[in-house]
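Structure file model18.cif (mmCIF, C-alpha atoms and all ligand atoms) follows.
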data_model
loop_
_atom_site.label_atom_id
_atom_site.label_comp_id
_atom_site.auth_asym_id
_atom_site.auth_seq_id
_atom_site.Cartn_x
_atom_site.Cartn_y
_atom_site.Cartn_z
CA MET A 1 97.24 56.66 109.98
CA ALA A 2 100.03 54.77 111.78
CA SER A 3 101.56 58.05 112.83
CA ALA A 4 98.21 59.42 114.08
CA GLN A 5 97.85 56.31 116.25
CA HIS A 6 101.35 56.79 117.54
CA ASP A 7 100.59 60.42 118.43
CA THR A 8 97.47 59.44 120.30
CA ALA A 9 99.32 56.78 122.28
CA GLU A 10 102.05 59.21 123.22
CA LEU A 11 99.63 62.01 124.08
CA SER A 12 97.52 59.66 126.11
CA ALA A 13 100.55 58.49 128.11
CA ARG A 14 101.57 62.09 128.81
CA LEU A 15 98.04 63.11 129.72
CA SER A 16 97.68 60.12 132.04
CA GLU A 17 100.76 61.28 133.97
CA HIS A 18 98.97 64.59 134.55
CA MET A 19 95.82 62.69 135.58
CA ASN A 20 97.79 61.32 138.52
CA GLY A 21 99.53 64.56 139.39
CA TYR A 22 98.03 64.65 142.87
CA LEU A 23 99.89 61.46 143.74
CA TYR A 24 103.13 63.36 143.30
CA THR A 25 102.08 66.02 145.82
CA ALA A 26 100.86 63.35 148.25
CA SER A 27 104.08 61.35 147.89
CA LEU A 28 106.26 64.39 148.56
CA TYR A 29 104.15 65.23 151.60
CA THR A 30 104.43 61.67 152.92
CA VAL A 31 108.22 61.51 152.76
CA THR A 32 108.55 65.05 154.11
CA ARG A 33 106.29 64.34 157.05
CA ALA A 34 108.34 61.25 157.92
CA ASN A 35 111.66 63.16 157.64
CA VAL A 36 112.99 60.73 155.04
CA ALA A 37 115.42 63.30 153.57
CA ASP A 38 116.92 64.01 157.00
CA LYS A 39 117.40 60.27 157.59
CA LEU A 40 119.30 59.98 154.29
CA ALA A 41 121.59 62.91 155.08
CA GLU A 42 124.11 60.56 156.74
CA GLY A 43 124.24 58.21 153.73
CA PRO A 44 122.11 55.85 151.63
CA LEU A 45 119.64 53.45 153.28
CA THR A 46 117.45 50.58 152.14
CA PRO A 47 113.68 51.09 152.31
CA MET A 48 113.54 48.59 155.21
CA GLN A 49 116.11 50.60 157.18
CA LEU A 50 114.26 53.80 156.33
CA GLY A 51 110.97 52.21 157.29
CA GLU A 52 112.34 51.23 160.70
CA SER A 53 113.67 54.69 161.46
CA THR A 54 110.63 56.59 160.18
CA GLY A 55 107.81 54.30 161.31
CA LEU A 56 106.67 53.75 157.71
CA ASN A 57 106.01 50.39 156.04
CA GLY A 58 109.27 49.45 154.26
CA PRO A 59 107.84 47.75 151.15
CA HIS A 60 105.29 50.52 150.63
CA LEU A 61 107.95 53.15 151.18
CA ARG A 62 110.13 51.49 148.51
CA ARG A 63 107.35 51.92 145.95
CA LEU A 64 106.91 55.56 146.88
CA MET A 65 110.64 56.24 146.66
CA ARG A 66 110.92 54.42 143.32
CA TYR A 67 108.20 56.72 142.00
CA LEU A 68 109.85 59.86 143.41
CA ALA A 69 113.20 58.76 141.95
CA THR A 70 111.61 59.19 138.51
CA ARG A 71 111.35 62.92 139.35
CA GLU A 72 114.89 63.56 140.61
CA VAL A 73 113.74 63.27 144.22
CA PHE A 74 115.95 60.48 145.70
CA ARG A 75 117.94 57.98 143.64
CA GLU A 76 117.99 54.21 143.93
CA ASP A 77 121.31 52.41 143.42
CA ALA A 78 121.98 48.88 142.15
CA GLU A 79 121.91 47.53 145.74
CA GLY A 80 118.40 48.91 146.26
CA ARG A 81 119.55 51.68 148.63
CA PHE A 82 118.15 55.18 148.28
CA HIS A 83 120.29 58.32 148.16
CA LEU A 84 119.56 62.00 148.65
CA THR A 85 119.60 64.10 145.48
CA PRO A 86 120.12 67.89 145.31
CA MET A 87 116.35 68.26 145.01
CA ALA A 88 115.60 65.96 147.96
CA GLU A 89 118.14 67.93 150.01
CA LEU A 90 115.63 70.82 150.04
CA LEU A 91 113.16 68.61 151.95
CA ARG A 92 115.55 68.56 154.93
CA GLU A 93 114.89 70.68 157.97
CA GLY A 94 116.90 73.86 158.41
CA VAL A 95 119.11 73.62 155.30
CA PRO A 96 119.49 76.80 153.21
CA GLY A 97 116.46 77.02 150.93
CA SER A 98 114.58 74.31 152.86
CA LEU A 99 111.00 73.85 151.65
CA ARG A 100 110.17 71.31 154.35
CA ASP A 101 107.70 73.50 156.20
CA SER A 102 106.12 74.65 152.94
CA PHE A 103 105.47 71.03 151.91
CA LEU A 104 104.01 70.26 155.34
CA MET A 105 101.71 73.26 155.00
CA MET A 106 100.59 72.45 151.46
CA GLY A 107 99.80 68.85 152.42
CA GLU A 108 97.24 69.92 155.03
CA ASP A 109 93.49 69.58 154.59
CA LEU A 110 93.54 73.38 154.56
CA TYR A 111 94.68 73.02 150.94
CA TRP A 112 93.62 69.48 149.94
CA LYS A 113 89.96 69.88 150.74
CA PRO A 114 89.32 73.04 148.71
CA ILE A 115 91.53 71.79 145.86
CA ALA A 116 89.32 68.69 145.63
CA LYS A 117 86.42 71.12 145.13
CA LEU A 118 88.08 73.21 142.44
CA HIS A 119 85.24 72.40 140.08
CA GLU A 120 82.81 73.99 142.58
CA THR A 121 84.93 77.12 142.73
CA VAL A 122 85.09 77.40 138.96
CA ARG A 123 81.35 76.76 138.67
CA SER A 124 80.26 79.25 141.32
CA GLY A 125 83.02 81.84 141.03
CA HIS A 126 83.60 81.67 144.81
CA THR A 127 86.34 79.91 146.70
CA ALA A 128 85.37 76.49 148.03
CA PHE A 129 87.46 77.14 151.14
CA ASP A 130 84.89 79.39 152.78
CA ASP A 131 82.09 76.83 152.39
CA ILE A 132 84.22 73.95 153.68
CA PHE A 133 85.73 75.71 156.70
CA GLY A 134 82.98 78.24 157.39
CA ALA A 135 85.26 81.28 157.16
CA GLN A 136 87.86 82.89 154.93
CA PHE A 137 91.39 81.47 155.13
CA PHE A 138 93.04 83.97 157.49
CA PRO A 139 90.08 84.45 159.87
CA TYR A 140 89.81 80.62 160.01
CA LEU A 141 93.49 80.33 160.96
CA GLN A 142 92.82 82.64 163.90
CA SER A 143 90.78 79.84 165.47
CA GLN A 144 93.45 77.16 164.73
CA PRO A 145 96.71 78.17 166.44
CA GLU A 146 98.68 75.05 165.43
CA LEU A 147 97.68 75.33 161.78
CA ALA A 148 98.36 79.07 161.90
CA SER A 149 101.87 78.40 163.15
CA LEU A 150 102.41 75.80 160.43
CA PHE A 151 101.19 78.34 157.87
CA ASN A 152 103.59 80.99 159.20
CA ARG A 153 106.54 78.60 158.90
CA GLY A 154 105.42 77.39 155.46
CA ALA A 155 104.96 80.94 154.15
CA ALA A 156 108.38 81.84 155.57
CA GLY A 157 109.85 78.94 153.56
CA PHE A 158 108.49 80.42 150.33
CA SER A 159 109.55 83.90 151.44
CA ARG A 160 113.16 82.74 151.80
CA LEU A 161 113.10 81.81 148.11
CA TRP A 162 112.24 85.33 147.06
CA ALA A 163 113.17 87.83 149.79
CA GLN A 164 116.84 88.21 148.86
CA SER A 165 116.16 88.96 145.21
CA VAL A 166 113.64 91.64 146.23
CA ALA A 167 116.05 93.16 148.74
CA ASP A 168 118.88 93.14 146.17
CA THR A 169 116.74 94.69 143.43
CA TYR A 170 115.11 97.69 145.09
CA PRO A 171 117.36 100.72 145.75
CA PHE A 172 116.11 101.81 149.19
CA PRO A 173 117.52 105.32 149.86
CA VAL A 174 119.87 105.86 152.80
CA GLY A 175 118.05 106.25 156.11
CA SER A 176 114.61 105.37 154.80
CA LYS A 177 111.90 103.82 156.94
CA VAL A 178 109.99 100.80 155.69
CA VAL A 179 106.77 99.21 156.95
CA ASP A 180 106.22 95.60 155.86
CA VAL A 181 102.42 95.33 155.87
CA GLY A 182 101.27 91.73 156.37
CA GLY A 183 104.97 90.95 156.68
CA GLY A 184 104.43 87.53 158.26
CA THR A 185 107.42 86.42 160.31
CA GLY A 186 109.62 89.12 158.78
CA GLY A 187 111.72 87.25 156.18
CA LEU A 188 111.52 90.07 153.64
CA LEU A 189 112.09 92.84 156.18
CA ARG A 190 115.11 90.98 157.52
CA ALA A 191 116.60 90.70 154.02
CA VAL A 192 115.87 94.39 153.28
CA LEU A 193 117.45 95.59 156.54
CA ALA A 194 120.46 93.29 156.11
CA ALA A 195 121.06 94.59 152.57
CA ASN A 196 120.59 98.24 153.61
CA PRO A 197 122.40 98.99 156.89
CA THR A 198 120.92 102.51 157.29
CA VAL A 199 117.30 101.51 156.71
CA THR A 200 114.89 100.95 159.61
CA GLY A 201 111.70 98.95 159.51
CA VAL A 202 108.43 97.99 161.14
CA LEU A 203 106.98 94.52 160.83
CA TYR A 204 103.19 94.79 160.79
CA ASP A 205 100.93 91.74 160.97
CA GLN A 206 98.20 90.13 163.05
CA GLU A 207 98.67 89.85 166.80
CA SER A 208 98.97 86.05 166.61
CA VAL A 209 101.78 86.20 164.00
CA ILE A 210 104.08 88.85 165.49
CA PRO A 211 105.52 86.64 168.30
CA GLU A 212 106.89 84.26 165.65
CA HIS A 213 109.04 86.91 163.96
CA GLN A 214 112.67 86.24 162.95
CA LEU A 215 114.05 89.75 163.36
CA ASP A 216 115.85 89.36 166.66
CA THR A 217 119.39 89.06 165.26
CA PRO A 218 122.49 91.07 166.34
CA GLU A 219 122.93 92.37 162.80
CA LEU A 220 119.56 94.17 162.88
CA GLU A 221 119.70 95.39 166.47
CA GLY A 222 118.02 98.76 167.02
CA ARG A 223 116.68 99.02 163.47
CA TRP A 224 113.34 97.29 163.68
CA SER A 225 110.14 97.13 165.66
CA ALA A 226 107.08 94.94 165.37
CA GLN A 227 103.50 96.08 165.59
CA ALA A 228 100.25 94.10 165.61
CA GLY A 229 97.14 95.31 163.83
CA ASP A 230 94.54 94.78 161.13
CA PHE A 231 95.59 95.95 157.67
CA PHE A 232 91.94 96.39 156.70
CA GLN A 233 91.68 99.12 159.35
CA THR A 234 95.01 100.89 159.74
CA VAL A 235 98.79 100.68 159.25
CA PRO A 236 101.71 102.40 161.04
CA GLN A 237 101.83 106.05 159.96
CA GLY A 238 104.31 108.19 158.06
CA ALA A 239 106.91 105.72 156.70
CA ASP A 240 108.83 106.25 153.46
CA TYR A 241 107.97 102.81 152.05
CA TYR A 242 105.05 100.44 152.49
CA LEU A 243 105.66 96.87 151.37
CA LEU A 244 102.85 94.49 150.49
CA LYS A 245 104.49 91.19 149.61
CA SER A 246 102.35 88.15 148.82
CA VAL A 247 99.43 90.03 150.35
CA LEU A 248 97.30 91.43 147.52
CA HIS A 249 97.33 88.03 145.78
CA ASP A 250 95.45 86.57 148.77
CA TRP A 251 92.45 88.84 148.29
CA SER A 252 89.67 89.73 145.87
CA ASP A 253 89.74 93.14 144.18
CA GLU A 254 87.20 94.41 146.71
CA ASP A 255 89.29 93.36 149.68
CA CYS A 256 92.47 94.69 148.05
CA LEU A 257 90.80 98.09 147.80
CA ARG A 258 90.11 98.02 151.54
CA ILE A 259 93.77 97.21 152.23
CA LEU A 260 94.99 99.90 149.81
CA LYS A 261 92.71 102.46 151.46
CA ALA A 262 94.20 101.70 154.89
CA VAL A 263 97.75 101.84 153.51
CA ARG A 264 97.08 105.13 151.72
CA SER A 265 95.78 106.69 154.89
CA GLY A 266 99.06 105.81 156.63
CA MET A 267 101.23 107.38 153.96
CA ARG A 268 102.68 110.88 154.07
CA LYS A 269 103.47 113.05 151.02
CA GLY A 270 106.18 111.29 149.01
CA SER A 271 105.72 107.83 150.57
CA LYS A 272 105.90 104.95 148.13
CA LEU A 273 104.04 101.66 147.99
CA LEU A 274 105.92 98.57 146.83
CA VAL A 275 103.65 95.70 145.87
CA VAL A 276 105.71 92.52 145.65
CA ASP A 277 103.90 89.73 143.83
CA PRO A 278 104.37 87.79 140.61
CA VAL A 279 103.21 89.65 137.49
CA ILE A 280 101.57 87.16 135.15
CA PRO A 281 103.28 87.30 131.75
CA PRO A 282 101.23 87.13 128.55
CA GLY A 283 101.31 84.05 126.33
CA ASN A 284 101.21 80.31 126.79
CA GLU A 285 104.63 79.75 128.32
CA PRO A 286 104.74 77.97 131.68
CA ASP A 287 105.15 80.37 134.59
CA ALA A 288 104.74 79.57 138.29
CA SER A 289 102.45 82.61 138.63
CA LYS A 290 99.83 80.85 136.49
CA THR A 291 99.89 77.81 138.77
CA ILE A 292 99.78 79.81 142.00
CA ASP A 293 96.89 81.81 140.55
CA VAL A 294 94.70 78.69 140.55
CA MET A 295 95.67 78.03 144.16
CA MET A 296 94.72 81.60 145.06
CA MET A 297 91.34 81.08 143.39
CA VAL A 298 90.43 77.96 145.30
CA VAL A 299 91.90 78.70 148.73
CA HIS A 300 91.82 82.47 149.18
CA ASP A 301 89.40 84.02 146.72
CA GLY A 302 92.52 85.88 145.62
CA LYS A 303 94.40 86.03 142.34
CA GLU A 304 97.75 86.63 140.71
CA ARG A 305 97.56 89.67 138.46
CA THR A 306 98.85 90.87 135.10
CA GLN A 307 100.57 94.23 134.87
CA GLY A 308 97.33 95.70 133.51
CA GLU A 309 95.35 94.30 136.44
CA PHE A 310 97.83 95.79 138.93
CA THR A 311 97.63 99.18 137.21
CA ASP A 312 93.84 98.98 137.32
CA ILE A 313 93.43 97.90 140.96
CA LEU A 314 96.04 100.41 142.12
CA ALA A 315 94.32 103.20 140.18
CA LYS A 316 91.00 102.29 141.81
CA GLY A 317 92.80 102.41 145.17
CA GLY A 318 94.10 105.94 144.48
CA PHE A 319 97.64 105.04 143.32
CA LYS A 320 99.54 105.40 140.08
CA VAL A 321 102.17 102.88 139.06
CA ALA A 322 105.60 104.53 138.71
CA ARG A 323 107.48 101.46 137.44
CA VAL A 324 107.58 97.69 137.58
CA LEU A 325 110.92 96.15 138.52
CA PRO A 326 111.42 92.48 137.71
CA THR A 327 113.71 90.56 140.08
CA ASP A 328 115.69 87.43 139.34
CA SER A 329 112.98 85.41 141.10
CA LEU A 330 109.26 84.88 140.52
CA MET A 331 108.53 88.21 142.22
CA SER A 332 108.25 91.63 140.62
CA ILE A 333 108.18 94.94 142.46
CA VAL A 334 105.33 97.25 141.44
CA GLU A 335 106.28 100.71 142.69
CA ALA A 336 103.34 103.05 143.15
CA GLU A 337 102.68 106.56 144.45
CA VAL A 338 99.53 108.23 145.64
CA ALA A 339 97.82 109.57 142.51
C1 LIG B 401 100.77 85.01 152.37
S1 LIG B 401 101.23 85.70 153.89
C2 LIG B 401 102.60 86.72 153.37
C3 LIG B 401 103.55 87.02 154.49
C4 LIG B 401 104.80 87.80 154.05
N1 LIG B 401 104.47 89.10 153.49
C5 LIG B 401 105.60 86.99 153.08
O1 LIG B 401 105.74 87.38 151.93
O2 LIG B 401 106.09 85.92 153.50
C6 LIG B 401 99.96 86.91 154.21
C7 LIG B 401 100.12 87.61 155.54
O3 LIG B 401 99.01 88.49 155.71
C8 LIG B 401 98.71 88.51 157.09
N2 LIG B 401 97.34 88.99 157.31
C9 LIG B 401 96.18 88.41 156.93
N3 LIG B 401 95.12 89.14 157.32
C10 LIG B 401 95.64 90.23 157.96
C11 LIG B 401 95.04 91.37 158.57
N4 LIG B 401 93.70 91.54 158.59
N5 LIG B 401 95.86 92.30 159.12
C12 LIG B 401 97.22 92.15 159.09
N6 LIG B 401 97.84 91.08 158.51
C13 LIG B 401 97.05 90.14 157.96
C14 LIG B 401 98.87 87.07 157.48
O4 LIG B 401 98.97 86.91 158.89
C15 LIG B 401 100.13 86.67 156.71
O5 LIG B 401 101.28 86.85 157.48
#
As structure tokens, the full file:
Amino acid sequence: MASAQHDTAELSARLSEHMNGYLYTASLYTVTRANVADKLAEGPLTPMQLGESTGLNGPHLRRLMRYLATREVFREDAEGRFHLTPMAELLREGVPGSLRDSFLMMGEDLYWKPIAKLHETVRSGHTAFDDIFGAQFFPYLQSQPELASLFNRGAAGFSRLWAQSVADTYPFPVGSKVVDVGGGTGGLLRAVLAANPTVTGVLYDQESVIPEHQLDTPELEGRWSAQAGDFFQTVPQGADYYLLKSVLHDWSDEDCLRILKAVRSGMRKGSKLLVVDPVIPPGNEPDASKTIDVMMMVVHDGKERTQGEFTDILAKGGFKVARVLPTDSLMSIVEAEVA
């Protein structure tokens, strides 16, 4: 009996931590927005000093930092000064692997509001986003240029985490031509072209996104172009490879079929499609794909997919899966050919 009581107390403490999980997200957003990590890059500071330089209330900031220090984000020393940690380093602007823009994006109402209505989404089977904002995610961003720009930078932050492993994994043949469909600001295409000096590429995305691309570097000179368009209608014609990275997961099966139809009509005989997304593993083990899947449900009406679901949706779209290549990141590469 004593041990059952002990178990309940321990389980209840652990469960209560999860109950407050959203405070963790909000705390990370708050310190990121105030550039706290950048302020600490020069050396440790007291919460009062940090408060003065960030415009935040010092005593309140201390409580936030004490909480974050329990999660390896910042560290308090015996003098009450806070230090950067390796994890907090990634909240700085412009450092390799920086997630600053991604945190700023995820802390926006764009995400908070639908997440607060997750229960509605699960009840109705439709994303709450569309009801709250009156349009689907990407069409809505078209009417919000500042948010759209924040999204592009935030998505690029995530892309930096994964692009190199994708570029290092796939053996693009010498001289091949690649179109990155819905390629965002071009992080993946840049990594692919940098890793494969004979490959050329086209970045293809919406008109509003193309001007923010990051391809204009001396290393890639003469090997890329950028083209605006709607991937539900058409894609650049006749390339050897069509990449769809973090695209299909944004959309329902129906919408994916529209995208796949447009991509197929751009392909020539022998072209290959590379879908780059997480593949949800079976079983109960934690995997980031299972978390992101819930986000896709509530914000985009999209989903992460199992290997079977990819095989199925690609077959319905007129493709057959040739192989699935895992990478050393969250992403897998599903290689498909026209069936
Ligand atoms: C989640 S982002 C992924 C960007 C990039 N592939 C990456 O991995 O970072 C989805 C991309 O799809 C683009 N997109 C959405 N609707 C589109 C459309 N109708 N036509 C072309 N691109 C579109 C967005 O602008 C955005 O860049």
So which residues fall inside 12 Å of (102.8, 61.0, 139.1) if we count all atoms listed in the file? Mind giving them as a list in words?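 Those within range, by chain then number, are Ala13, Arg14, Leu15, Ser16, Glu17, His18, Met19, Asn20, Gly21, Tyr22, Leu23, Tyr24, Thr25, Ala26, Ser27, Leu28, Leu64, Met65, Arg66, Tyr67, Leu68, Ala69, Thr70 and Arg71 of chain A.
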Within 8 Å of ligand LIG 401 (chain B), which residues show up when you count all atoms listed in the file? List them as an MDAnalysis selection string, please. chainID A and resid 138:139 152 155:160 163 180:188 204:206 208:209 228:233 244:247 250
Per residue of region 75-186 of chain A within 12 Å of region 335-338 of chain A, record the nearest atom pair and its distance in Å to one decimal, counting only C-alpha atoms, with rows in chain order and ascending residue number, as a tab-separated table.
residue	atom	partner	partner_atom	distance
A:Tyr170	CA	A:Glu335	CA	9.6
A:Pro171	CA	A:Glu335	CA	11.5
A:Phe172	CA	A:Glu335	CA	11.8
Take the residues from that selection and write them out as an mmCIF file, keeping the file's coordinate frame, keeping C-alpha atoms.
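What follows is the written file part-v2.cif:
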data_model
loop_
_atom_site.group_PDB
_atom_site.id
_atom_site.type_symbol
_atom_site.label_atom_id
_atom_site.label_comp_id
_atom_site.auth_asym_id
_atom_site.auth_seq_id
_atom_site.Cartn_x
_atom_site.Cartn_y
_atom_site.Cartn_z
ATOM 1 C CA TYR A 170 115.110 97.690 145.090
ATOM 2 C CA PRO A 171 117.360 100.720 145.750
ATOM 3 C CA PHE A 172 116.110 101.810 149.190
#
Please indicate the distance in Å from CA of Asp168 (chain A) to CA of Glu207 (chain A), rounded to one decimal place.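 Between CA of Asp168 (chain A) and CA of Glu207 (chain A) the gap is 29.1 Å.
Candidate residues A:Asp328, A:Glu309, A:Glu72, A:Glu146 were compared for distance to Cys256 (chain A), and the nearest is A:Glu309, using only C-alpha atoms.
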Just how far from CA of Phe74 (chain A) is CA of Leu90 (chain A), in Å to one decimal?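 Atom-to-atom, CA of Leu90 (chain A) to CA of Phe74 (chain A), that is 11.2 Å.
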I want to know what sits within 8 Å of Val299 (chain A), based on all atoms listed in the file, with residues of the same chain fewer than 5 positions away left out; could you give that as an NGL selection string? :A and (111 or 114-115 or 127-129 or 137)
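One finds CA of Ser102 (chain A) at 25.3 Å from CA of Glu76 (chain A).
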Proximity to Glu79 (chain A) - best of A:Pro47, A:Pro145, A:Pro282, A:Pro96, all atoms listed in the file: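 Counting all atoms listed in the file, the residue closest to Glu79 (chain A) is A:Pro47.
With only C-alpha atoms as the atoms that count, the residue of A:Val179, A:Val166, A:Leu248, A:Ala9 with the shortest distance to Asp301 (chain A) is A:Leu248.
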For Asp293 (chain A), which residue out of A:His249, A:Arg264, A:Arg100, A:Arg258 is the nearest one, using all atoms listed in the file?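 Closest residue, counting all atoms listed in the file: A:His249.
Between Met267 (chain A) and the residues A:Ser289, A:Ser143, A:Asn284, A:Gln237, the shortest atom-to-atom distance, using all atoms listed in the file, involves A:Gln237.
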